[in-house]
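Data first, discussion second: the structure below is written as structure tokens.
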Amino acid sequence: MDVLGRITQLRESRGWTQYRLSKEAGVSQNTIKNLYHRNNTPTIQTLEAICKAFNITLTEFFADIDDPITTLTDKQRALVEETKNFNEKQQKVLDAVIDLLKSTE
């Protein structure tokens, strides 16, 4: 896997600069610059910090890019997180709303 390419894809999908990534991840700008200028592979600690900034797990980072769960926006990911704790009645209401929305296409 092209780790740097994956970082770039995630960063650009959020409209982040290298500077913003360094701030969000809490790693030095030099660390991020060295990844790009020297084509270095990040350490596990750096990669974990980057994943945390992207609000993804290492598993999601290494998952197939075409997997729908890895291409969710932050807003979509938050919606999924919200629905995890729905009880059965709430889930049925959500399903009905989704069905209604689909029928209006």
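Ligands are numbered from 1 in the order shown, chains are lettered A, B, ... in the order of the structure tokens, and residues start at 1 in each chain.
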
**Request:** Please give the complete set of residues from chain A that DSSP, run on the backbone, assigns to helix (DSSP H, G or I), formatted as an MDAnalysis selection string.
**Result:** chainID A and resid 3:13 18:25 29:37 44:54 58:62 68:71 74:83 88:103

**Request:** Would you kindly return, as a ChimeraX atom specification, each protein, DNA or RNA residue with an atom no farther than 9 Å from any atom of Gly26 of chain A, considering only C-alpha atoms and excluding same-chain residues fewer than 6 positions away?
**Result:** /A:49-50,53

Residues of the last selection are to be written out with C-alpha atoms, as a CSV table (one decimal), in the first residue's frame.
chain,number,residue,atom,x,y,z
A,49,ALA,CA,-1.7,10.5,15.3
A,50,ILE,CA,-2.6,11.2,11.7
A,53,ALA,CA,-6.7,13.6,13.2

**Request:** Can you pull out every residue within 10 Å of Leu21 of chain A, counting only C-alpha atoms, but drop anything in the same chain fewer than 6 positions away, and send it as a list in words?
**Result:** Ile7, Thr8, Arg11, Arg14, Gly15, Val27, Ser28, Gln29, Ile32, Ala49, Ile50, Ala53 and Phe54 of chain A

Dump N, CA and C atoms for the selected residues as a PDB file, in the first residue's frame?
ATOM      1  N   ILE A   7      -2.445   8.973   2.830  1.00  0.00           N
ATOM      2  CA  ILE A   7      -2.480  10.181   3.671  1.00  0.00           C
ATOM      3  C   ILE A   7      -2.876  11.378   2.817  1.00  0.00           C
ATOM      4  N   THR A   8      -2.284  11.481   1.639  1.00  0.00           N
ATOM      5  CA  THR A   8      -2.587  12.585   0.731  1.00  0.00           C
ATOM      6  C   THR A   8      -4.056  12.565   0.332  1.00  0.00           C
ATOM      7  N   ARG A  11      -6.115  13.667   3.279  1.00  0.00           N
ATOM      8  CA  ARG A  11      -5.877  15.085   3.558  1.00  0.00           C
ATOM      9  C   ARG A  11      -6.578  15.957   2.528  1.00  0.00           C
ATOM     10  N   ARG A  14     -10.366  16.338   2.630  1.00  0.00           N
ATOM     11  CA  ARG A  14     -10.835  17.262   3.669  1.00  0.00           C
ATOM     12  C   ARG A  14     -10.439  18.708   3.373  1.00  0.00           C
ATOM     13  N   GLY A  15      -9.683  18.901   2.309  1.00  0.00           N
ATOM     14  CA  GLY A  15      -9.227  20.245   1.963  1.00  0.00           C
ATOM     15  C   GLY A  15      -8.132  20.748   2.886  1.00  0.00           C
ATOM     16  N   VAL A  27       1.584  16.735  15.363  1.00  0.00           N
ATOM     17  CA  VAL A  27       2.964  16.375  15.036  1.00  0.00           C
ATOM     18  C   VAL A  27       3.626  17.586  14.385  1.00  0.00           C
ATOM     19  N   SER A  28       4.924  17.609  14.428  1.00  0.00           N
ATOM     20  CA  SER A  28       5.627  18.782  13.906  1.00  0.00           C
ATOM     21  C   SER A  28       5.450  18.911  12.394  1.00  0.00           C
ATOM     22  N   GLN A  29       5.557  20.157  11.946  1.00  0.00           N
ATOM     23  CA  GLN A  29       5.480  20.411  10.511  1.00  0.00           C
ATOM     24  C   GLN A  29       6.624  19.707   9.788  1.00  0.00           C
ATOM     25  N   ILE A  32       5.757  16.089   8.945  1.00  0.00           N
ATOM     26  CA  ILE A  32       4.893  15.982   7.768  1.00  0.00           C
ATOM     27  C   ILE A  32       5.683  16.315   6.507  1.00  0.00           C
ATOM     28  N   ALA A  49      -1.353   9.130  15.135  1.00  0.00           N
ATOM     29  CA  ALA A  49      -1.739  10.531  15.350  1.00  0.00           C
ATOM     30  C   ALA A  49      -2.453  11.083  14.118  1.00  0.00           C
ATOM     31  N   ILE A  50      -1.969  10.731  12.941  1.00  0.00           N
ATOM     32  CA  ILE A  50      -2.598  11.181  11.695  1.00  0.00           C
ATOM     33  C   ILE A  50      -3.995  10.586  11.570  1.00  0.00           C
ATOM     34  N   ALA A  53      -6.366  12.338  13.800  1.00  0.00           N
ATOM     35  CA  ALA A  53      -6.744  13.634  13.223  1.00  0.00           C
ATOM     36  C   ALA A  53      -7.825  13.460  12.169  1.00  0.00           C
ATOM     37  N   PHE A  54      -7.745  12.378  11.388  1.00  0.00           N
ATOM     38  CA  PHE A  54      -8.740  12.098  10.361  1.00  0.00           C
ATOM     39  C   PHE A  54      -9.988  11.431  10.935  1.00  0.00           C
TER      40      PHE A  54
END

Test item: residues at most 10 Å from Asn39 of chain A, only C-alpha atoms, excluding those fewer than 6 positions along its chain, as an mmCIF file with N, CA and C atoms, in the first residue's frame:
data_model
loop_
_atom_site.group_PDB
_atom_site.id
_atom_site.type_symbol
_atom_site.label_atom_id
_atom_site.label_comp_id
_atom_site.auth_asym_id
_atom_site.auth_seq_id
_atom_site.Cartn_x
_atom_site.Cartn_y
_atom_site.Cartn_z
ATOM 1 N N VAL A 3 1.324 4.311 1.524
ATOM 2 C CA VAL A 3 0.894 4.986 2.752
ATOM 3 C C VAL A 3 0.818 6.496 2.540
ATOM 4 N N LEU A 4 1.832 7.058 1.931
ATOM 5 C CA LEU A 4 1.840 8.504 1.698
ATOM 6 C C LEU A 4 0.710 8.916 0.763
ATOM 7 N N LYS A 33 6.478 17.373 6.545
ATOM 8 C CA LYS A 33 7.282 17.750 5.375
ATOM 9 C C LYS A 33 8.226 16.622 4.980
#

**Asked** Lys52 of chain A: which residues within 10 Å, counting only C-alpha atoms, same-chain residues fewer than 4 positions away excluded, as number ranges by chain?
**Response** A: 24-26, 46-48, 56-58

Just to be explicit: take each residue in the selection above, keep N, CA and C atoms, and write the result as a CSV table (one decimal), in the first residue's frame.
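To be explicit, this is the file written out as result.csv:
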chain,number,residue,atom,x,y,z
A,24,GLU,N,-3.6,19.4,13.3
A,24,GLU,CA,-4.7,18.5,13.7
A,24,GLU,C,-4.1,17.2,14.3
A,25,ALA,N,-3.0,16.7,13.8
A,25,ALA,CA,-2.4,15.5,14.3
A,25,ALA,C,-1.5,15.7,15.5
A,26,GLY,N,-1.1,16.9,15.7
A,26,GLY,CA,-0.3,17.2,16.9
A,26,GLY,C,1.2,16.7,16.6
A,46,THR,N,3.3,8.2,14.6
A,46,THR,CA,2.9,9.3,13.7
A,46,THR,C,1.7,8.9,13.0
A,47,LEU,N,1.6,7.7,12.4
A,47,LEU,CA,0.5,7.3,11.7
A,47,LEU,C,-0.8,7.2,12.6
A,48,GLU,N,-0.6,6.8,13.8
A,48,GLU,CA,-1.8,6.8,14.7
A,48,GLU,C,-2.3,8.2,15.0
A,56,ILE,N,-10.3,8.4,12.0
A,56,ILE,CA,-10.4,7.0,11.5
A,56,ILE,C,-9.4,6.1,12.3
A,57,THR,N,-9.6,4.8,12.3
A,57,THR,CA,-8.8,3.9,12.9
A,57,THR,C,-7.7,3.5,11.9
A,58,LEU,N,-6.6,2.8,12.5
A,58,LEU,CA,-5.6,2.2,11.6
A,58,LEU,C,-6.2,1.2,10.6

**Item:** Selected residue of minimal separation from Thr41 of chain A among A:Leu10, A:Met1, A:Leu101, A:Val80, counting only C-alpha atoms
**Value:** A:Met1

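When only C-alpha atoms are used to measure the gap to Glu60 of chain A, the shortest distance among A:Val93, A:Ile44, A:Leu72, A:Leu79 belongs to A:Leu72.
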
**Message:** Here is a test: counting only C-alpha atoms, which residue of A:Ser22, A:Asn55, A:Phe62, A:Thr31 is nearest to Arg6 of chain A?
**Reply:** A:Phe62
